[in-house]
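Working notes, structure below.
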Protein chains: 4
Amino acid sequence: MTNDLRVGVIGVGMMGADHAHRIVDRVSGATLVAVSDPDTARASTLAGQFNGVRLIADPLDLIADEGVDAVIIASPGFVHEEQLLACIEHGKHALCEKPLTMDTESSLRVVEAEATSGRPLIQVGFMRRFDPEYAAMKALLDSRSLGRTLVVHNIHRNKTVPDSFRSEMIVRDSLVHEVDVCRWLFGEEVASIQVLAPTPTGLAGEGVLDPQIALFTMAGGGIVTNEVFVNCQIGYEVRCEAVAERGNATIGLGQGVFVRRDNHYGGAIPDDFRDRFGRAYDLEVQAWADASRRGEVVGPTSWDGYAATAVCTAGMESLLSGKAVPVELANRPDPGCRA
Amino acid sequence: MTNDLRVGVIGVGMMGADHAHRIVDRVSGATLVAVSDPDTARASTLAGQFNGVRLIADPLDLIADEGVDAVIIASPGFVHEEQLLACIEHGKHALCEKPLTMDTESSLRVVEAEATSGRPLIQVGFMRRFDPEYAAMKALLDSRSLGRTLVVHNIHRNKTVPDSFRSEMIVRDSLVHEVDVCRWLFGEEVASIQVLAPTPTGLAGEGVLDPQIALFTMAGGGIVTNEVFVNCQIGYEVRCEAVAERGNATIGLGQGVFVRRDNHYGGAIPDDFRDRFGRAYDLEVQAWADASRRGEVVGPTSWDGYAATAVCTAGMESLLSGKAVPVELANRPDPGCRA
Amino acid sequence: MTNDLRVGVIGVGMMGADHAHRIVDRVSGATLVAVSDPDTARASTLAGQFNGVRLIADPLDLIADEGVDAVIIASPGFVHEEQLLACIEHGKHALCEKPLTMDTESSLRVVEAEATSGRPLIQVGFMRRFDPEYAAMKALLDSRSLGRTLVVHNIHRNKTVPDSFRSEMIVRDSLVHEVDVCRWLFGEEVASIQVLAPTPTGLAGEGVLDPQIALFTMAGGGIVTNEVFVNCQIGYEVRCEAVAERGNATIGLGQGVFVRRDNHYGGAIPDDFRDRFGRAYDLEVQAWADASRRGEVVGPTSWDGYAATAVCTAGMESLLSGKAVPVELANRPDPGCRA
Amino acid sequence: MTNDLRVGVIGVGMMGADHAHRIVDRVSGATLVAVSDPDTARASTLAGQFNGVRLIADPLDLIADEGVDAVIIASPGFVHEEQLLACIEHGKHALCEKPLTMDTESSLRVVEAEATSGRPLIQVGFMRRFDPEYAAMKALLDSRSLGRTLVVHNIHRNKTVPDSFRSEMIVRDSLVHEVDVCRWLFGEEVASIQVLAPTPTGLAGEGVLDPQIALFTMAGGGIVTNEVFVNCQIGYEVRCEAVAERGNATIGLGQGVFVRRDNHYGGAIPDDFRDRFGRAYDLEVQAWADASRRGEVVGPTSWDGYAATAVCTAGMESLLSGKAVPVELANRPDPGCRA
């Protein structure tokens, strides 16, 4: 559409390339128009996968470009301040991967520059707030149906990290997600933090304190326990349990918000197939649109529709008699159709 | 984008309206350009919610229209044959909600017309094939790591249906999904069907046989049991358990593919945060793009980025001492930013 | 105690030997006094493991013996009729492993002989009625809080069976448990039964129809589906889902009665530690009594009690300051005590 | 039996009365012979429920009595020292409810007196070590298949406690169980303890710090987090998650030991019906023995055995034809038998 948001991506490593594909393949109302990366070969390869995506060598030029409405910043953290200040200067919306910047002082400069500009422009990539499970837990806690939130327990585990990973990165790059989650869930700042390390696993890099246990005291008196374990060997595991006055809620079990209250544990069953299969419909229509543009059919074919009708017709007959009814099908006329 | 698929929607009841919003809000590479419905007021209201969407009174005109590349058919089943044949005639791709048509003969006519046209054009709306859980189960069964599939058990429950719902609609409109799922999972046709009804629930409409138990015999000798219960009072519940030679797999528990084999039950833990939070990233970037077009910020702000940096800086200090470290924050300069 | 029930066990294969140990080790108020088995070596070995247990060659002599109050019959099914009739004749209580007898006519003769005797004497070994999960489900269904029971789905799987297992044994020896469970849950007789076999697993014995699907129609109009799969390779799995007018209840998931109703799934959390740890208390006191008779201590020692007191004393001090308090312990004086 | 352990119970409040019934009803090889309690009416009532149980006014007389082999101490903690020392003096085995005594010094005196006596006599009532889930977790951790244990997370919640409950009792009476569990799981002493309290729930008594968060540092460097919340309103909840180098194990979910490792979550399925239904067999035979002593039958009757045989006979016929076979039953001859 002509009024699509024209997006430039700065930094096309794993995260930036993911975002570029996301804009092209799955986001409605946005068009990828430009990419920038110091590794110009990598940027050029990515741009070449799409129609009409420009390679702009200097990220500040990309930000300033009149054909770019908004910017995804997936570059290393130490260049974020400069790029964010440029976005503010040019009035461009920015989605900035965490961290905002590498230290408190530079982060505050960005906050103040945006405030001075008078326009909200910067979104930080704390994507957990958009996870349906976290969002549902937040809504439940905010409803106060469980009373006031008292304690939160977080688990954050990665299968392994490279040997270059250092102890403090567990706090800065991993625990930072729990920091944001707790500020958001409580609606309060963190008042103090304590970080403890047990005797480390033998499977972390030399000298790396892994796992770590962190405690937050929230400004309103809540307490948060966190385990971060980045060489847990198991896989990727994130769980969050919020303990409130009248019950607790856990997410990250893969089954929505799991609640314990009133002598019961469990969760919600939706009213409607649109809740259960909403994502299936989205994926179906996206797959259909993609295939139609290629002149193909990738889902259930007309033959599948015919066969289903034939079975159901036999089934309605059986409902009257209770006996088994054979299903007779015509010869399939079109072996060329993809099943 | 200029090469978006231009989509018309025929029938704008619940399903058709959902699809219209889906095309506009969540599907990349597709543009809604036209709607048609005998209830022109309803169609007009829907069209008015979007820019540049035409109302075309006659669905056959919509299909024939040069500005329409592909059609979503969400009209009642008894007009599907005519509309599908028109799509075939004009070479338009169609996503047709089930049923394909109302009886076996007309369904076969559609299959044959499409085959004669020489082009695959029709996809039937059996959306469960696109559900991530069903798709993962299909992949697991096809891998043959559990051996050959022997038996499938399906549960399909709706909270309630209107009193106008009749016994045979349980087979035709509900069980039809299980018919497609089993044909797809086994890769075989259904050879016979038997439908039994227990003494009905007292909470269904007068004379309605609900629940119903259906048995399928598959062409290759597999057996399928099905329970369909459309006034179960609980909510919407769909489960599917496939029993193979070396294990079984269940979906619909809300936790991916749940497998029992080798004296263990359980499921998979992903390697990577992109598996766990992939959908959160999609929703994050879609929300960011939508907000940016409105000149707003809806996610974590620069202040959130600043505060997280401040907490982690204190945390790295605590990691060295094991003591609690207070977090000092500047005054927040911009109360106007949305949190 | 002098008024213990004096029990004789007939048949000391796996089941009978289990029952003998159960009487001696875990059942209060019963004493094992005699065993009988055609394999006298096996019977003699078992008797020799206990004090004061007699070996009686002829099972009818065991039944008639004045020192035997009650009999556990764990012999093969084809001798049950004779042994049960002898129990009735001598007025001895009998716990008879299933089947009652091998055919309907002989079973009826036993029923009639017991009725004529005027005393209830025979209990059949359908032990699932004593399983806490089945018992809780029965209580829930009988409460009618979910309304009338409409449909039951049973799953019954064994890891493997010997090659000597034949198709009809799946019905007679395995499915018989589901027959009893359904008669008990519904409180009704089975009116008809239909048994279907898919193409068998390649991992069953030659010619064995495994798995099998059985349907029961209950006298009151309920329907039961059953899967019995005796070479499922997975392990031992028994599940039962009862579908009632206002909800369903499932057991065999290892988590008590799992209920779906009112848009929620889940189960009960007990009020009290005695519910949660009731069995732990039983096992603790049994282990303590057994060890005390041997002059030993097998559980937590006085040192464990001392150390716990020391930690909690430090903890109460920490509660006042919020600081970590070291725990100082004396040297352990008695290395000879078992930990 | 003549060689039963003759047990006296001191203190017949809730715990002591429970233990008295346990000895009589469910423990094999032990006989209740005496009770003692300052509330003689309560003790007399309890003794009157059983045959041959004496009331002994002074607990020290009970301990000294020649007819008492072993003692369960369920009196208040402040009299434990005197009673335990008397047990040691008379060489009587004792099962002592926690706490061992009220302070570290008196606990150490008991430890030393027992050591001096040269005989292990005292078991402390930390019953969690006998809980099948905790025992299975301990076995798993000790196997080292998950590597070394690094961190343990405990949750301990009571629905409510009386208003008389004070903050320090959370540590002394509740957390004490976690103290023992962690000493036992790690096989190490607790080196230090830190207890923190968030802003309390509004549903605890005035001034009570509830919930509390406790951290243990183990002598070998492990860390333990604990939440104790004694007015959680939900019910009784105890969970324990052990994090080891190659995976983690959780109990208290009601489904045995739940393990995450190697990109999988889940648990064990037993090989055998004796694992799954072992407790049902115990309960069945206990119920049968109890009923037989009363001249009753409480389980499945001979009619149940007959009906099951009739259904299975029809089922074996149906297996040959695939058709439904009606089940014909005789008239039930004995309406007096309990079903």
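As shown in the structure tokens, the chain order sets the letters A, B, ...; within each chain, residues go from 1, and ligands are also counted from 1 in the order they appear.
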**Interface residues on chain C facing chain B, 8 Å, only C-alpha atoms, written as a ChimeraX atom specification** = /C:148,150-151,197-203,211,217,220-223,225,232-235,244-247,260-264
Take the residues that were just selected and, keeping N, CA, C and O atoms, output them as a short mmCIF file (atom, residue, chain, number, x, y, z; two decimals), in the first residue's frame.
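Result file again24.cif:
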data_model
loop_
_atom_site.label_atom_id
_atom_site.label_comp_id
_atom_site.auth_asym_id
_atom_site.auth_seq_id
_atom_site.Cartn_x
_atom_site.Cartn_y
_atom_site.Cartn_z
N ARG C 148 -25.13 -35.37 34.38
CA ARG C 148 -25.16 -36.79 34.07
C ARG C 148 -23.96 -37.17 33.20
O ARG C 148 -23.56 -36.40 32.32
N LEU C 150 -22.19 -38.89 30.18
CA LEU C 150 -22.68 -39.22 28.84
C LEU C 150 -21.77 -40.21 28.12
O LEU C 150 -22.23 -41.15 27.49
N VAL C 151 -20.48 -39.99 28.20
CA VAL C 151 -19.50 -40.74 27.42
C VAL C 151 -18.28 -40.95 28.30
O VAL C 151 -17.93 -40.07 29.10
N ALA C 197 -10.61 -53.91 15.12
CA ALA C 197 -9.15 -53.99 15.13
C ALA C 197 -8.61 -53.29 13.89
O ALA C 197 -8.94 -53.64 12.77
N PRO C 198 -7.76 -52.26 14.09
CA PRO C 198 -7.07 -51.68 12.95
C PRO C 198 -5.99 -52.64 12.45
O PRO C 198 -5.70 -53.65 13.09
N THR C 199 -5.39 -52.31 11.34
CA THR C 199 -4.20 -53.04 10.91
C THR C 199 -3.23 -53.07 12.08
O THR C 199 -2.90 -52.03 12.63
N PRO C 200 -2.82 -54.26 12.51
CA PRO C 200 -2.05 -54.33 13.77
C PRO C 200 -0.66 -53.71 13.68
O PRO C 200 -0.09 -53.58 12.60
N THR C 201 -0.14 -53.36 14.83
CA THR C 201 1.26 -52.95 14.94
C THR C 201 2.16 -54.09 14.45
O THR C 201 1.84 -55.27 14.63
N GLY C 202 3.28 -53.73 13.88
CA GLY C 202 4.24 -54.75 13.48
C GLY C 202 5.02 -55.33 14.65
O GLY C 202 5.80 -56.26 14.47
N LEU C 203 4.76 -54.82 15.85
CA LEU C 203 5.54 -55.23 17.01
C LEU C 203 4.78 -56.18 17.93
O LEU C 203 5.24 -56.48 19.03
N PRO C 211 -3.38 -52.85 18.27
CA PRO C 211 -4.37 -52.57 19.29
C PRO C 211 -5.78 -52.98 18.88
O PRO C 211 -5.99 -53.43 17.74
N THR C 217 -22.09 -49.91 24.74
CA THR C 217 -23.31 -49.13 24.97
C THR C 217 -23.83 -49.52 26.34
O THR C 217 -24.03 -50.70 26.63
N GLY C 220 -28.17 -47.51 30.24
CA GLY C 220 -28.86 -46.22 30.32
C GLY C 220 -28.59 -45.31 29.14
O GLY C 220 -29.01 -44.17 29.14
N GLY C 221 -27.88 -45.82 28.11
CA GLY C 221 -27.68 -45.03 26.90
C GLY C 221 -26.32 -44.36 26.79
O GLY C 221 -26.04 -43.72 25.79
N GLY C 222 -25.48 -44.49 27.79
CA GLY C 222 -24.13 -43.94 27.67
C GLY C 222 -23.30 -44.73 26.67
O GLY C 222 -23.61 -45.88 26.35
N ILE C 223 -22.24 -44.11 26.16
CA ILE C 223 -21.33 -44.80 25.24
C ILE C 223 -19.92 -44.70 25.81
O ILE C 223 -19.53 -43.69 26.39
N THR C 225 -15.81 -45.49 24.73
CA THR C 225 -14.79 -45.91 23.77
C THR C 225 -13.60 -46.42 24.56
O THR C 225 -13.25 -45.88 25.60
N CYS C 232 2.41 -51.53 23.23
CA CYS C 232 2.55 -50.12 22.82
C CYS C 232 3.98 -49.64 22.91
O CYS C 232 4.29 -48.54 22.44
N GLN C 233 4.86 -50.39 23.56
CA GLN C 233 6.30 -50.09 23.65
C GLN C 233 6.63 -48.97 24.63
O GLN C 233 7.80 -48.78 24.99
N ILE C 234 5.64 -48.18 25.04
CA ILE C 234 5.90 -46.96 25.80
C ILE C 234 6.15 -47.25 27.27
O ILE C 234 7.05 -46.68 27.90
N GLY C 235 5.31 -48.11 27.83
CA GLY C 235 5.26 -48.31 29.26
C GLY C 235 3.81 -48.65 29.60
O GLY C 235 3.03 -48.96 28.69
N ALA C 244 -19.32 -35.46 30.97
CA ALA C 244 -20.65 -35.27 31.53
C ALA C 244 -21.28 -34.01 30.94
O ALA C 244 -20.67 -33.34 30.10
N GLU C 245 -22.50 -33.73 31.35
CA GLU C 245 -23.23 -32.64 30.71
C GLU C 245 -22.58 -31.27 30.89
O GLU C 245 -22.70 -30.40 30.04
N ARG C 246 -21.89 -31.07 32.00
CA ARG C 246 -21.36 -29.73 32.30
C ARG C 246 -19.84 -29.71 32.43
O ARG C 246 -19.27 -28.70 32.87
N GLY C 247 -19.16 -30.80 32.08
CA GLY C 247 -17.72 -30.79 32.20
C GLY C 247 -17.18 -32.19 32.04
O GLY C 247 -17.94 -33.16 31.91
N ARG C 260 -12.19 -30.27 33.41
CA ARG C 260 -12.45 -29.13 32.54
C ARG C 260 -13.92 -28.74 32.72
O ARG C 260 -14.80 -29.57 32.53
N ARG C 261 -14.18 -27.51 33.11
CA ARG C 261 -15.54 -27.01 33.22
C ARG C 261 -15.49 -25.49 33.32
O ARG C 261 -14.48 -24.92 33.72
N ASP C 262 -16.59 -24.82 32.94
CA ASP C 262 -16.70 -23.37 33.13
C ASP C 262 -15.51 -22.61 32.59
O ASP C 262 -14.96 -21.74 33.28
N ASN C 263 -15.06 -22.93 31.39
CA ASN C 263 -13.94 -22.25 30.76
C ASN C 263 -12.63 -22.38 31.53
O ASN C 263 -11.72 -21.55 31.35
N HIS C 264 -12.51 -23.39 32.37
CA HIS C 264 -11.26 -23.64 33.08
C HIS C 264 -10.88 -25.10 33.01
O HIS C 264 -11.74 -25.97 32.99
#
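For range 17-24 of chain D, the set of protein, DNA and RNA residues having any atom at most 8 Å away, when counting only C-alpha atoms and skipping those fewer than 3 positions along the same chain, is Ser28, Gly29, Asp282 and Val285 of chain C; Val9, Gly11, Val12, Gly13, Met14, Val27, Ser28, Ala30, Thr31, Leu32, Leu46 and Ile72 of chain D.
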Would you put the residues from that selection into a file with N, CA, C and O atoms, as a PDB file, in the first residue's frame?
ATOM      1  N   SER C  28      -2.382 -53.675  57.957  1.00  0.00           N
ATOM      2  CA  SER C  28      -2.599 -53.720  59.405  1.00  0.00           C
ATOM      3  C   SER C  28      -3.743 -54.679  59.706  1.00  0.00           C
ATOM      4  O   SER C  28      -4.725 -54.746  58.961  1.00  0.00           O
ATOM      5  N   GLY C  29      -3.635 -55.466  60.805  1.00  0.00           N
ATOM      6  CA  GLY C  29      -4.761 -56.296  61.247  1.00  0.00           C
ATOM      7  C   GLY C  29      -4.922 -57.589  60.489  1.00  0.00           C
ATOM      8  O   GLY C  29      -5.977 -58.227  60.559  1.00  0.00           O
ATOM      9  N   ASP C 282       2.534 -42.116  56.494  1.00  0.00           N
ATOM     10  CA  ASP C 282       2.366 -43.575  56.605  1.00  0.00           C
ATOM     11  C   ASP C 282       3.696 -44.294  56.372  1.00  0.00           C
ATOM     12  O   ASP C 282       4.076 -45.204  57.119  1.00  0.00           O
ATOM     13  N   VAL C 285       6.187 -43.737  59.345  1.00  0.00           N
ATOM     14  CA  VAL C 285       5.939 -44.486  60.574  1.00  0.00           C
ATOM     15  C   VAL C 285       6.150 -45.990  60.325  1.00  0.00           C
ATOM     16  O   VAL C 285       6.671 -46.701  61.188  1.00  0.00           O
TER      17      VAL C 285
ATOM     18  N   VAL D   9       2.100 -43.422  72.473  1.00  0.00           N
ATOM     19  CA  VAL D   9       2.064 -42.094  71.857  1.00  0.00           C
ATOM     20  C   VAL D   9       1.922 -41.052  72.956  1.00  0.00           C
ATOM     21  O   VAL D   9       0.995 -41.116  73.762  1.00  0.00           O
ATOM     22  N   GLY D  11       1.239 -37.172  73.702  1.00  0.00           N
ATOM     23  CA  GLY D  11       0.653 -35.990  73.047  1.00  0.00           C
ATOM     24  C   GLY D  11      -0.351 -36.441  72.017  1.00  0.00           C
ATOM     25  O   GLY D  11       0.036 -37.028  71.010  1.00  0.00           O
ATOM     26  N   VAL D  12      -1.635 -36.204  72.279  1.00  0.00           N
ATOM     27  CA  VAL D  12      -2.646 -36.707  71.336  1.00  0.00           C
ATOM     28  C   VAL D  12      -3.477 -35.564  70.772  1.00  0.00           C
ATOM     29  O   VAL D  12      -4.685 -35.654  70.610  1.00  0.00           O
ATOM     30  N   GLY D  13      -2.788 -34.461  70.475  1.00  0.00           N
ATOM     31  CA  GLY D  13      -3.406 -33.424  69.650  1.00  0.00           C
ATOM     32  C   GLY D  13      -3.548 -33.948  68.223  1.00  0.00           C
ATOM     33  O   GLY D  13      -3.514 -35.155  67.982  1.00  0.00           O
ATOM     34  N   MET D  14      -3.650 -33.043  67.261  1.00  0.00           N
ATOM     35  CA  MET D  14      -3.891 -33.468  65.885  1.00  0.00           C
ATOM     36  C   MET D  14      -2.840 -34.466  65.402  1.00  0.00           C
ATOM     37  O   MET D  14      -3.165 -35.528  64.896  1.00  0.00           O
ATOM     38  N   VAL D  27      -0.412 -49.418  59.682  1.00  0.00           N
ATOM     39  CA  VAL D  27       0.973 -49.839  59.819  1.00  0.00           C
ATOM     40  C   VAL D  27       1.008 -51.319  60.209  1.00  0.00           C
ATOM     41  O   VAL D  27       0.336 -51.741  61.142  1.00  0.00           O
ATOM     42  N   SER D  28       1.767 -52.072  59.459  1.00  0.00           N
ATOM     43  CA  SER D  28       1.927 -53.505  59.733  1.00  0.00           C
ATOM     44  C   SER D  28       3.028 -53.714  60.768  1.00  0.00           C
ATOM     45  O   SER D  28       4.037 -53.002  60.775  1.00  0.00           O
ATOM     46  N   ALA D  30       3.041 -53.260  64.058  1.00  0.00           N
ATOM     47  CA  ALA D  30       3.087 -52.364  65.218  1.00  0.00           C
ATOM     48  C   ALA D  30       1.712 -52.363  65.876  1.00  0.00           C
ATOM     49  O   ALA D  30       0.694 -52.451  65.192  1.00  0.00           O
ATOM     50  N   THR D  31       1.702 -52.266  67.196  1.00  0.00           N
ATOM     51  CA  THR D  31       0.450 -52.259  67.953  1.00  0.00           C
ATOM     52  C   THR D  31       0.465 -51.066  68.902  1.00  0.00           C
ATOM     53  O   THR D  31       1.465 -50.817  69.573  1.00  0.00           O
ATOM     54  N   LEU D  32      -0.632 -50.338  68.904  1.00  0.00           N
ATOM     55  CA  LEU D  32      -0.737 -49.218  69.845  1.00  0.00           C
ATOM     56  C   LEU D  32      -1.096 -49.784  71.209  1.00  0.00           C
ATOM     57  O   LEU D  32      -2.095 -50.498  71.356  1.00  0.00           O
ATOM     58  N   LEU D  46      -9.457 -41.006  73.082  1.00  0.00           N
ATOM     59  CA  LEU D  46      -8.711 -41.680  72.027  1.00  0.00           C
ATOM     60  C   LEU D  46      -8.469 -43.150  72.381  1.00  0.00           C
ATOM     61  O   LEU D  46      -8.714 -44.041  71.560  1.00  0.00           O
ATOM     62  N   ILE D  72       6.187 -42.577  70.213  1.00  0.00           N
ATOM     63  CA  ILE D  72       6.026 -41.440  69.293  1.00  0.00           C
ATOM     64  C   ILE D  72       5.800 -40.202  70.140  1.00  0.00           C
ATOM     65  O   ILE D  72       4.856 -40.156  70.942  1.00  0.00           O
TER      66      ILE D  72
END
**Request:** From a DSSP pass on the backbone, collect the residues of range 121-186 of chain B flagged as strand (DSSP E or B) and hand them back as a VMD selection string.
**Result:** chain B and resid 122 to 124 149 to 157
Generate the output file for the selected residues, N, CA, C and O atoms, as a PDB file, in the first residue's frame.
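Once everything was written out, this is out12.pdb:
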ATOM      1  N   ILE B 122      -7.808 -23.446  -6.109  1.00  0.00           N
ATOM      2  CA  ILE B 122      -8.705 -23.434  -4.953  1.00  0.00           C
ATOM      3  C   ILE B 122      -8.024 -24.021  -3.727  1.00  0.00           C
ATOM      4  O   ILE B 122      -7.459 -25.112  -3.760  1.00  0.00           O
ATOM      5  N   GLN B 123      -8.105 -23.276  -2.624  1.00  0.00           N
ATOM      6  CA  GLN B 123      -7.685 -23.773  -1.320  1.00  0.00           C
ATOM      7  C   GLN B 123      -8.911 -23.771  -0.421  1.00  0.00           C
ATOM      8  O   GLN B 123      -9.638 -22.784  -0.374  1.00  0.00           O
ATOM      9  N   VAL B 124      -9.129 -24.897   0.289  1.00  0.00           N
ATOM     10  CA  VAL B 124     -10.282 -24.990   1.179  1.00  0.00           C
ATOM     11  C   VAL B 124      -9.847 -24.605   2.589  1.00  0.00           C
ATOM     12  O   VAL B 124      -8.725 -24.897   3.010  1.00  0.00           O
ATOM     13  N   THR B 149       1.428 -45.002  12.012  1.00  0.00           N
ATOM     14  CA  THR B 149       0.278 -44.561  12.802  1.00  0.00           C
ATOM     15  C   THR B 149      -0.830 -45.612  12.707  1.00  0.00           C
ATOM     16  O   THR B 149      -1.182 -46.067  11.619  1.00  0.00           O
ATOM     17  N   LEU B 150      -1.367 -45.986  13.873  1.00  0.00           N
ATOM     18  CA  LEU B 150      -2.357 -47.058  13.937  1.00  0.00           C
ATOM     19  C   LEU B 150      -3.757 -46.535  14.222  1.00  0.00           C
ATOM     20  O   LEU B 150      -4.730 -46.970  13.618  1.00  0.00           O
ATOM     21  N   VAL B 151      -3.854 -45.655  15.169  1.00  0.00           N
ATOM     22  CA  VAL B 151      -5.150 -45.187  15.677  1.00  0.00           C
ATOM     23  C   VAL B 151      -5.031 -43.690  15.945  1.00  0.00           C
ATOM     24  O   VAL B 151      -3.969 -43.211  16.361  1.00  0.00           O
ATOM     25  N   VAL B 152      -6.107 -42.954  15.707  1.00  0.00           N
ATOM     26  CA  VAL B 152      -6.179 -41.546  16.102  1.00  0.00           C
ATOM     27  C   VAL B 152      -7.442 -41.339  16.929  1.00  0.00           C
ATOM     28  O   VAL B 152      -8.501 -41.896  16.601  1.00  0.00           O
ATOM     29  N   HIS B 153      -7.313 -40.584  18.025  1.00  0.00           N
ATOM     30  CA  HIS B 153      -8.470 -40.213  18.843  1.00  0.00           C
ATOM     31  C   HIS B 153      -8.651 -38.698  18.767  1.00  0.00           C
ATOM     32  O   HIS B 153      -7.738 -37.949  19.126  1.00  0.00           O
ATOM     33  N   ASN B 154      -9.831 -38.265  18.347  1.00  0.00           N
ATOM     34  CA  ASN B 154     -10.124 -36.839  18.289  1.00  0.00           C
ATOM     35  C   ASN B 154     -11.220 -36.449  19.280  1.00  0.00           C
ATOM     36  O   ASN B 154     -12.185 -37.192  19.468  1.00  0.00           O
ATOM     37  N   ILE B 155     -11.055 -35.287  19.859  1.00  0.00           N
ATOM     38  CA  ILE B 155     -12.074 -34.653  20.709  1.00  0.00           C
ATOM     39  C   ILE B 155     -12.361 -33.286  20.104  1.00  0.00           C
ATOM     40  O   ILE B 155     -11.415 -32.550  19.803  1.00  0.00           O
ATOM     41  N   HIS B 156     -13.612 -32.956  19.921  1.00  0.00           N
ATOM     42  CA  HIS B 156     -13.994 -31.668  19.319  1.00  0.00           C
ATOM     43  C   HIS B 156     -15.226 -31.165  20.072  1.00  0.00           C
ATOM     44  O   HIS B 156     -16.302 -31.711  19.915  1.00  0.00           O
ATOM     45  N   ARG B 157     -15.019 -30.142  20.880  1.00  0.00           N
ATOM     46  CA  ARG B 157     -16.112 -29.671  21.736  1.00  0.00           C
ATOM     47  C   ARG B 157     -16.320 -28.169  21.586  1.00  0.00           C
ATOM     48  O   ARG B 157     -15.364 -27.399  21.603  1.00  0.00           O
TER      49      ARG B 157
END
**Message:** Env of range 62-65 of chain B: 9 Å cut, atoms = only C-alpha atoms, seq-sep filter 2 positions within chain, self excluded. Answer as an MDAnalysis selection string.
**Reply:** chainID B and resid 8:10 34:36 55:60 67:71 83 86:87 89:90 92
Generate the output file for the selected residues, C-alpha atoms, as a PDB file, in the first residue's frame.
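Saved result, again.pdb, follows:
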ATOM      1  CA  GLY B   8     -11.712  -9.410  -2.561  1.00  0.00           C
ATOM      2  CA  VAL B   9     -13.839 -10.928   0.187  1.00  0.00           C
ATOM      3  CA  ILE B  10     -17.266 -12.404  -0.584  1.00  0.00           C
ATOM      4  CA  ALA B  34     -13.200  -5.156  -2.507  1.00  0.00           C
ATOM      5  CA  VAL B  35     -16.003  -6.757  -0.518  1.00  0.00           C
ATOM      6  CA  SER B  36     -19.375  -8.176  -1.514  1.00  0.00           C
ATOM      7  CA  LEU B  55     -18.181  -2.423  -2.356  1.00  0.00           C
ATOM      8  CA  ILE B  56     -19.220  -4.611  -5.311  1.00  0.00           C
ATOM      9  CA  ALA B  57     -22.834  -5.727  -5.158  1.00  0.00           C
ATOM     10  CA  ASP B  58     -22.642  -8.901  -7.241  1.00  0.00           C
ATOM     11  CA  PRO B  59     -20.088 -11.450  -6.057  1.00  0.00           C
ATOM     12  CA  LEU B  60     -19.622 -12.653  -9.635  1.00  0.00           C
ATOM     13  CA  GLY B  67      -8.578  -5.102  -9.955  1.00  0.00           C
ATOM     14  CA  VAL B  68      -9.051  -8.300  -7.965  1.00  0.00           C
ATOM     15  CA  ASP B  69      -6.307 -10.929  -8.034  1.00  0.00           C
ATOM     16  CA  ALA B  70      -7.708 -13.419  -5.561  1.00  0.00           C
ATOM     17  CA  VAL B  71     -10.905 -14.069  -3.636  1.00  0.00           C
ATOM     18  CA  GLN B  83     -18.634 -18.695  -7.074  1.00  0.00           C
ATOM     19  CA  ALA B  86     -16.510 -18.341 -11.640  1.00  0.00           C
ATOM     20  CA  CYS B  87     -13.093 -18.154  -9.973  1.00  0.00           C
ATOM     21  CA  GLU B  89     -13.317 -19.398 -15.240  1.00  0.00           C
ATOM     22  CA  HIS B  90     -11.504 -16.149 -14.504  1.00  0.00           C
ATOM     23  CA  LYS B  92      -8.634 -16.259  -9.819  1.00  0.00           C
TER      24      LYS B  92
END
**Item:** Selection near Val171 in chain B, 12 Å with only C-alpha atoms, sequence-local residues under 4 positions removed, as a ChimeraX atom specification
**Value:** /A:308-320 /B:99,156,165-167,175-179,193-197,209-215,226-230
**Prompt:** Among range 265-334 of chain B, which ones does DSSP place in alpha helix (DSSP H), written as a PyMOL selection string?
**Reply:** chain B and resi 273-293+302-321
